[in-house]
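Asks: Next comes run.txt, compact mmCIF, C-alpha atoms:
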# COMPACT_ATOMS: atom_id res chain seq x y z
CA ARG A 1 177.94 241.02 111.72
CA ASN A 2 181.74 240.73 111.53
CA LYS A 3 181.46 237.24 110.03
CA THR A 4 179.05 238.50 107.37
CA LEU A 5 181.35 241.39 106.48
CA LYS A 6 184.39 239.11 106.25
CA PHE A 7 182.43 236.63 104.13
CA ASP A 8 181.30 239.38 101.72
CA ASN A 9 184.85 240.72 101.38
CA LEU A 10 186.35 237.27 100.72
CA LYS A 11 183.59 236.54 98.20
CA LYS A 12 184.39 239.72 96.28
CA ILE A 13 188.09 238.84 96.21
CA ASP A 14 187.30 235.29 95.07
CA GLU A 15 184.90 236.45 92.35
CA SER A 16 187.58 238.82 91.02
CA ASN A 17 189.88 235.76 90.70
CA GLU A 18 192.69 237.27 92.75
CA GLY A 19 195.69 234.97 93.19
CA PHE A 20 195.55 233.39 89.75
CA PHE A 21 198.38 233.92 87.29
CA LYS A 22 197.94 236.89 84.97
CA GLY A 23 197.04 234.85 81.90
CA VAL A 24 194.71 232.52 83.78
CA LYS A 25 192.90 235.46 85.38
CA LEU A 26 192.40 237.16 82.01
CA ILE A 27 190.87 234.06 80.42
CA ILE A 28 188.53 233.50 83.38
CA ASN A 29 187.38 237.11 83.37
CA GLU A 30 186.83 237.10 79.59
CA LYS A 31 184.27 234.28 80.02
CA VAL A 32 185.24 232.59 76.75
CA ASN A 33 182.79 229.96 75.50
CA GLY A 34 184.09 226.43 75.97
CA VAL A 35 186.24 227.32 78.99
CA TYR A 36 185.45 225.28 82.10
CA GLY A 37 188.03 227.01 84.27
CA PRO A 38 191.33 226.31 86.03
CA VAL A 39 191.67 222.86 87.58
CA LEU A 40 191.78 224.12 91.17
CA SER A 41 188.40 225.85 90.71
CA LEU A 42 186.80 222.66 89.41
CA ILE A 43 187.69 220.29 92.26
CA GLU A 44 187.15 219.81 95.98
CA ILE A 45 190.09 218.37 97.89
CA PRO A 46 189.66 217.02 101.43
CA GLU A 47 191.85 219.06 103.77
CA LYS A 48 193.83 215.94 104.70
CA PHE A 49 195.14 215.57 101.13
CA MET A 50 195.47 219.24 100.17
CA THR A 51 199.21 219.59 100.90
CA ALA A 52 200.02 216.33 99.09
CA ILE A 53 198.06 217.13 95.94
CA GLU A 54 199.18 220.75 95.78
CA SER A 55 202.81 219.68 96.19
CA ALA A 56 202.55 217.03 93.48
CA LEU A 57 200.89 219.30 90.92
CA GLY A 58 202.18 222.77 91.74
CA ASN A 59 201.36 225.31 89.04
CA SER A 60 199.53 222.66 87.01
CA LEU A 61 196.55 223.29 89.28
CA GLN A 62 196.08 226.53 87.36
CA ASP A 63 195.94 224.78 83.98
CA ILE A 64 192.68 225.71 82.27
CA VAL A 65 190.26 222.97 81.19
CA VAL A 66 188.61 223.72 77.83
CA ASP A 67 186.32 221.76 75.54
CA SER A 68 188.63 221.66 72.52
CA GLY A 69 191.93 222.54 70.95
CA GLU A 70 190.14 225.24 68.96
CA THR A 71 189.02 226.93 72.17
CA ALA A 72 192.56 226.72 73.55
CA LYS A 73 193.88 228.29 70.34
CA LYS A 74 191.32 231.09 70.62
CA CYS A 75 192.37 231.75 74.22
CA MET A 76 196.06 231.89 73.32
CA THR A 77 195.33 234.39 70.56
CA LEU A 78 193.39 236.49 73.06
CA LEU A 79 196.30 236.44 75.51
CA ARG A 80 198.67 237.56 72.79
CA GLU A 81 196.39 240.36 71.57
CA LYS A 82 195.85 241.73 75.08
CA ASN A 83 199.42 241.22 76.31
CA GLY A 84 197.80 239.05 78.95
CA GLY A 85 200.65 236.73 79.79
CA ARG A 86 200.60 232.98 79.29
CA ALA A 87 198.45 230.05 80.35
CA SER A 88 198.37 226.29 79.86
CA PHE A 89 195.27 224.51 78.59
CA ILE A 90 193.78 221.03 78.85
CA PRO A 91 191.60 220.45 75.74
CA LEU A 92 189.15 217.60 76.39
CA ASP A 93 189.17 216.55 72.73
CA LEU A 94 192.96 216.19 72.53
CA ILE A 95 194.30 214.92 75.84
CA LYS A 96 195.15 211.26 76.32
CA PRO A 97 195.25 210.20 79.99
CA GLN A 98 198.22 207.92 80.60
CA SER A 99 197.75 204.33 81.61
CA ILE A 100 199.53 204.03 84.96
CA LEU A 101 200.61 200.66 86.32
CA PHE A 102 198.93 200.41 89.69
CA ASN A 103 198.89 197.14 91.61
CA VAL A 104 198.81 198.69 95.07
CA ARG A 105 195.67 198.26 97.11
CA GLN A 106 194.46 200.84 99.58
CA SER A 107 195.79 199.87 102.97
CA ASP A 108 197.39 201.38 106.05
CA GLY A 109 199.50 204.26 104.83
CA ILE A 110 198.33 204.03 101.19
CA TYR A 111 195.37 206.29 100.41
CA GLY A 112 195.13 205.73 96.67
CA ILE A 113 195.25 207.52 93.34
CA ALA A 114 194.69 211.27 93.68
CA SER A 115 191.75 211.29 91.25
CA ASN A 116 189.87 208.99 93.63
CA LEU A 117 190.43 211.30 96.60
CA ILE A 118 188.81 214.45 95.21
CA LYS A 119 185.34 215.57 94.10
CA TYR A 120 184.60 216.93 90.64
CA ASP A 121 181.92 217.12 87.95
CA LEU A 122 181.87 214.01 85.77
CA ASN A 123 181.81 216.06 82.58
CA ILE A 124 185.50 216.87 83.16
CA LYS A 125 186.49 213.34 84.22
CA LYS A 126 188.87 212.98 81.27
CA ALA A 127 190.77 216.08 82.40
CA ILE A 128 190.86 214.88 86.00
CA ASP A 129 192.25 211.50 84.92
CA PHE A 130 194.81 213.29 82.77
CA VAL A 131 196.04 215.45 85.67
CA PHE A 132 195.62 213.22 88.72
CA ASP A 133 195.93 209.57 87.69
CA GLY A 134 199.72 209.61 87.81
CA ILE A 135 199.79 210.52 91.48
CA LEU A 136 199.64 208.10 94.42
CA VAL A 137 199.08 209.57 97.89
CA VAL A 138 200.70 207.78 100.84
CA GLU A 139 201.23 208.48 104.55
CA ASN A 140 204.97 209.11 104.61
CA MET A 141 208.26 208.60 102.77
CA ASN A 142 208.83 205.17 104.35
CA LYS A 143 205.63 203.98 102.70
CA ALA A 144 206.59 205.70 99.43
CA LEU A 145 209.94 203.90 99.35
CA GLU A 146 208.23 200.60 100.10
CA VAL A 147 205.84 201.05 97.16
CA GLN A 148 208.64 202.19 94.84
CA LYS A 149 210.85 199.21 95.68
CA ASN A 150 207.98 196.80 95.09
CA GLY A 151 207.56 198.26 91.61
CA SER A 152 203.77 198.24 92.03
CA PHE A 153 203.23 201.85 90.94
CA ARG A 154 204.74 203.78 88.06
CA GLY A 155 204.04 207.41 88.69
CA ARG A 156 204.70 210.10 91.28
CA ILE A 157 204.25 209.10 94.91
CA VAL A 158 203.51 211.96 97.29
CA THR A 159 203.26 211.97 101.07
CA LEU A 160 200.78 213.86 103.25
CA GLU A 161 203.59 216.32 104.09
CA GLY A 162 204.16 217.01 100.40
CA ASP A 163 207.39 215.08 99.85
CA ILE A 164 207.63 213.48 96.40
CA LEU A 165 209.21 210.31 95.06
CA ALA A 166 209.30 210.28 91.25
CA THR A 167 209.24 207.24 88.99
CA ASN A 168 212.94 207.65 88.20
CA GLY A 169 213.82 207.72 91.90
CA ARG A 170 214.21 211.49 92.22
CA MET A 171 213.14 212.67 95.67
CA THR A 172 211.91 216.16 96.54
CA GLY A 173 211.00 217.38 100.00
CA GLY A 174 211.58 219.72 102.90
CA GLU A 175 209.74 222.82 104.04
CA GLN A 176 206.54 223.48 102.12
CA ALA A 177 206.27 227.14 101.08
CA LYS A 178 202.90 228.81 100.49
CA SER A 179 202.14 228.95 96.78
CA ALA A 180 199.61 231.02 94.84
CA SER A 181 197.41 227.94 94.51
CA ASN A 182 197.63 227.30 98.25
CA LEU A 183 196.44 230.82 99.02
CA ILE A 184 193.46 230.36 96.70
CA PHE A 185 192.60 227.03 98.34
CA GLU A 186 192.86 228.62 101.80
CA ARG A 187 190.55 231.44 100.73
CA LYS A 188 187.94 229.07 99.35
CA LYS A 189 188.12 226.98 102.52
CA GLU A 190 187.61 230.08 104.68
CA ILE A 191 184.64 231.16 102.55
CA LYS A 192 183.00 227.76 102.97
CA LYS A 193 183.63 227.82 106.72
CA LEU A 194 182.13 231.29 107.12
CA GLU A 195 179.17 230.37 104.92
CA ASP A 196 178.37 227.39 107.16
CA GLU A 197 178.78 229.45 110.33
CA ILE A 198 176.50 232.21 109.03
CA LYS A 199 173.83 229.66 108.10
CA GLU A 200 173.95 228.23 111.63
CA LEU A 201 173.70 231.69 113.16
CA ASN A 202 170.72 232.56 110.94
CA ILE A 203 168.96 229.37 111.98
CA SER A 204 169.66 230.23 115.63
CA TYR A 205 168.35 233.78 115.12
CA GLU A 206 165.16 232.57 113.45
CA SER A 207 164.59 230.00 116.17
CA LYS A 208 165.03 232.53 118.98
CA SER A 209 162.83 235.02 117.12
CA LYS A 210 160.05 232.41 116.90
CA ILE A 211 160.32 231.65 120.61
CA TYR A 212 160.19 235.39 121.37
CA PHE A 213 156.97 235.90 119.41
CA GLU A 214 155.34 232.72 120.74
CA LYS A 215 156.10 233.76 124.30
CA ASN A 216 154.43 237.12 123.77
CA THR A 217 151.43 235.47 122.12
CA ASN A 218 151.01 232.99 124.96
CA ASN A 219 151.11 235.87 127.43
CA ASN A 220 148.33 237.56 125.45
CA GLU A 221 150.60 240.47 124.69
CA LYS A 222 149.82 242.37 121.56
CA VAL A 223 152.59 242.60 119.00
CA LYS A 224 152.60 246.01 117.46
CA ILE A 225 152.37 246.17 113.68
CA GLY A 226 155.39 248.42 113.64
CA PHE A 227 157.48 246.05 115.78
CA ASN A 228 161.14 246.97 115.50
CA GLU A 229 163.35 243.93 114.95
CA SER A 230 166.24 245.82 116.50
CA ASN A 231 164.71 244.86 119.86
CA LEU A 232 165.55 241.25 119.15
CA PRO A 233 168.92 239.83 120.20
CA PHE A 234 171.29 239.98 117.20
CA TYR A 235 173.58 236.99 116.73
CA LEU A 236 175.53 237.74 113.56
Kindly return the structure encoded in the file as structure tokens.
Replies:
Amino acid sequence: RNKTLKFDNLKKIDESNEGFFKGVKLIINEKVNGVYGPVLSLIEIPEKFMTAIESALGNSLQDIVVDSGETAKKCMTLLREKNGGRASFIPLDLIKPQSILFNVRQSDGIYGIASNLIKYDLNIKKAIDFVFDGILVVENMNKALEVQKNGSFRGRIVTLEGDILATNGRMTGGEQAKSASNLIFERKKEIKKLEDEIKELNISYESKSKIYFEKNTNNNEKVKIGFNESNLPFYL
């Protein structure tokens, strides 16, 4: 029962889009035609790569994917009229994904381009390429330096710990603070975990209920029409 209550509460928070920037939240809640949603709501990132990708993209994960520049313009007007803050948009009809030089094969310590490490709907592939194709995920900074010195990748290289090596040689790293995007990811992960656990508990409950009834039937015991399910063991 506690798991179900926690799941319901997290679902309500998630559906109210808590944690998003003011402008992003307003656009999502307005349900404007042509708006797909913020990037982080449109992708699934394996837990192993979450820190790396979040570190590399930062606030860009809250950029809003839209079908056209006209829709983006409409959204910006709406934000201005409602004093709703600001937001960045990725119009599918305008963006031009960069062509990144990539001669590095996946191998020990090199996981690949970020766009190949996540799940997403193919109808936003152009936006995903635009955001993620310039990012290479590697094991650690030693591997990042090796790739950079070989000149086999021209883009940002990010480690599993979230340290970044830019094309121009600029290095960023250290302690990784919790960001707004990270908190949203953590919430979605917890919701998925609870959802799976509740499904398993329901299956267990139904199975034990079936065994309970079959046992009574085999013992020729009559099951009253008004049988109270509260007599059954409760597993949630």
Asks: Check the smallest atom-to-atom distance from each of A:Leu122, A:Leu57, A:Ala166, A:Leu78 to Glu30 in chain A using only C-alpha atoms, then report the winner.
Replies: A:Leu78
Asks: Name the residues, using the chain letters and numbers of the file, that sit within 8 Å of (196.0, 232.5, 89.7) when counting all atoms listed in the file, and give them as a list of chain:residue names.
Replies: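 Residues close enough to count: A:Asn17, A:Glu18, A:Gly19, A:Phe20, A:Phe21, A:Lys22, A:Val24, A:Lys25, A:Gln62, A:Ala180, A:Ser181, A:Ile184.
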Asks: Calculated over all atoms listed in the file, which of the candidates A:Leu5, A:Val39, A:Ile64, A:Ile203 has the smallest distance to Asp121 in chain A?
Replies: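 Between A:Leu5, A:Val39, A:Ile64, A:Ile203, the residue approaching Asp121 in chain A most closely is A:Val39.
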Asks: What is the CA of Asp196 in chain A-CA of Asn182 in chain A distance in Å, reported with one decimal?
Replies: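 A separation of 21.2 Å between them.
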Asks: Counting only C-alpha atoms, which residues of range 54-156 of chain A fall within 9 Å of range 40-43 of chain A, and what is the closest atom pair for each with its distance in Å at one decimal, ordered by chain and rising number, as CSV?
Replies:
residue,atom,partner,partner_atom,distance
A:Ser60,CA,A:Leu40,CA,8.9
A:Leu61,CA,A:Leu40,CA,5.2
A:Gln62,CA,A:Leu40,CA,6.2
A:Asp63,CA,A:Leu40,CA,8.3
A:Val65,CA,A:Leu42,CA,8.9
A:Ile118,CA,A:Ile43,CA,6.6
A:Lys119,CA,A:Ile43,CA,5.6
A:Tyr120,CA,A:Ile43,CA,4.8
A:Asp121,CA,A:Leu42,CA,7.5
A:Ile124,CA,A:Leu42,CA,8.6
A:Ile128,CA,A:Ile43,CA,8.9
Asks: Between CA of Gly155 in chain A and CA of Gly134 in chain A, what is the distance, to one decimal in Å?
Replies: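 That distance, rounded to one decimal, is 4.9 Å.
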Asks: For Gly162 in chain A, work out the shell of residues within 7 Å, counting only C-alpha atoms and skipping chain neighbours fewer than 2 positions away, then give it as a VMD selection string.
Replies: chain A and resid 51 to 52 55 158 to 160 164 173
Asks: With all atoms listed in the file as the counted atoms, please give the residues lying no more than 12 Å from Ile135 in chain A, apart from itself and same-chain residues fewer than 3 positions off, as a PyMOL selection string.
Replies: chain A and resi 49+52-57+98-102+110-117+128-132+138+144+153-159+162+164-167
Asks: I'd like to know which of A:Glu161, A:Glu47, A:Glu190, A:Glu139 is closest to Ala177 in chain A, using only C-alpha atoms.
Replies: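 Counting only C-alpha atoms, the residue closest to Ala177 in chain A is A:Glu161.
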Asks: I need the residue nearest Lys189 in chain A from this list: A:Met171, A:Val147, A:Met50, A:Ala87. Use all atoms listed in the file for the distance.
Replies: A:Met50
Asks: Rank A:Gln106, A:Gln148, A:Thr71, A:Asn83 by their smallest atom-to-atom distance to Leu26 in chain A, using all atoms listed in the file, and report the top residue only.
Replies: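 Looking only at the distances to Leu26 in chain A, the closest residue turns out to be A:Asn83.
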Asks: Could you pull the residues within 7 Å of range 88-92 of chain A, counting all atoms listed in the file, minus those fewer than 6 positions along the same chain, as JSON, numbers by chain?
Replies: {"A": [63, 64, 65, 66, 67, 68, 69, 72, 126, 127]}
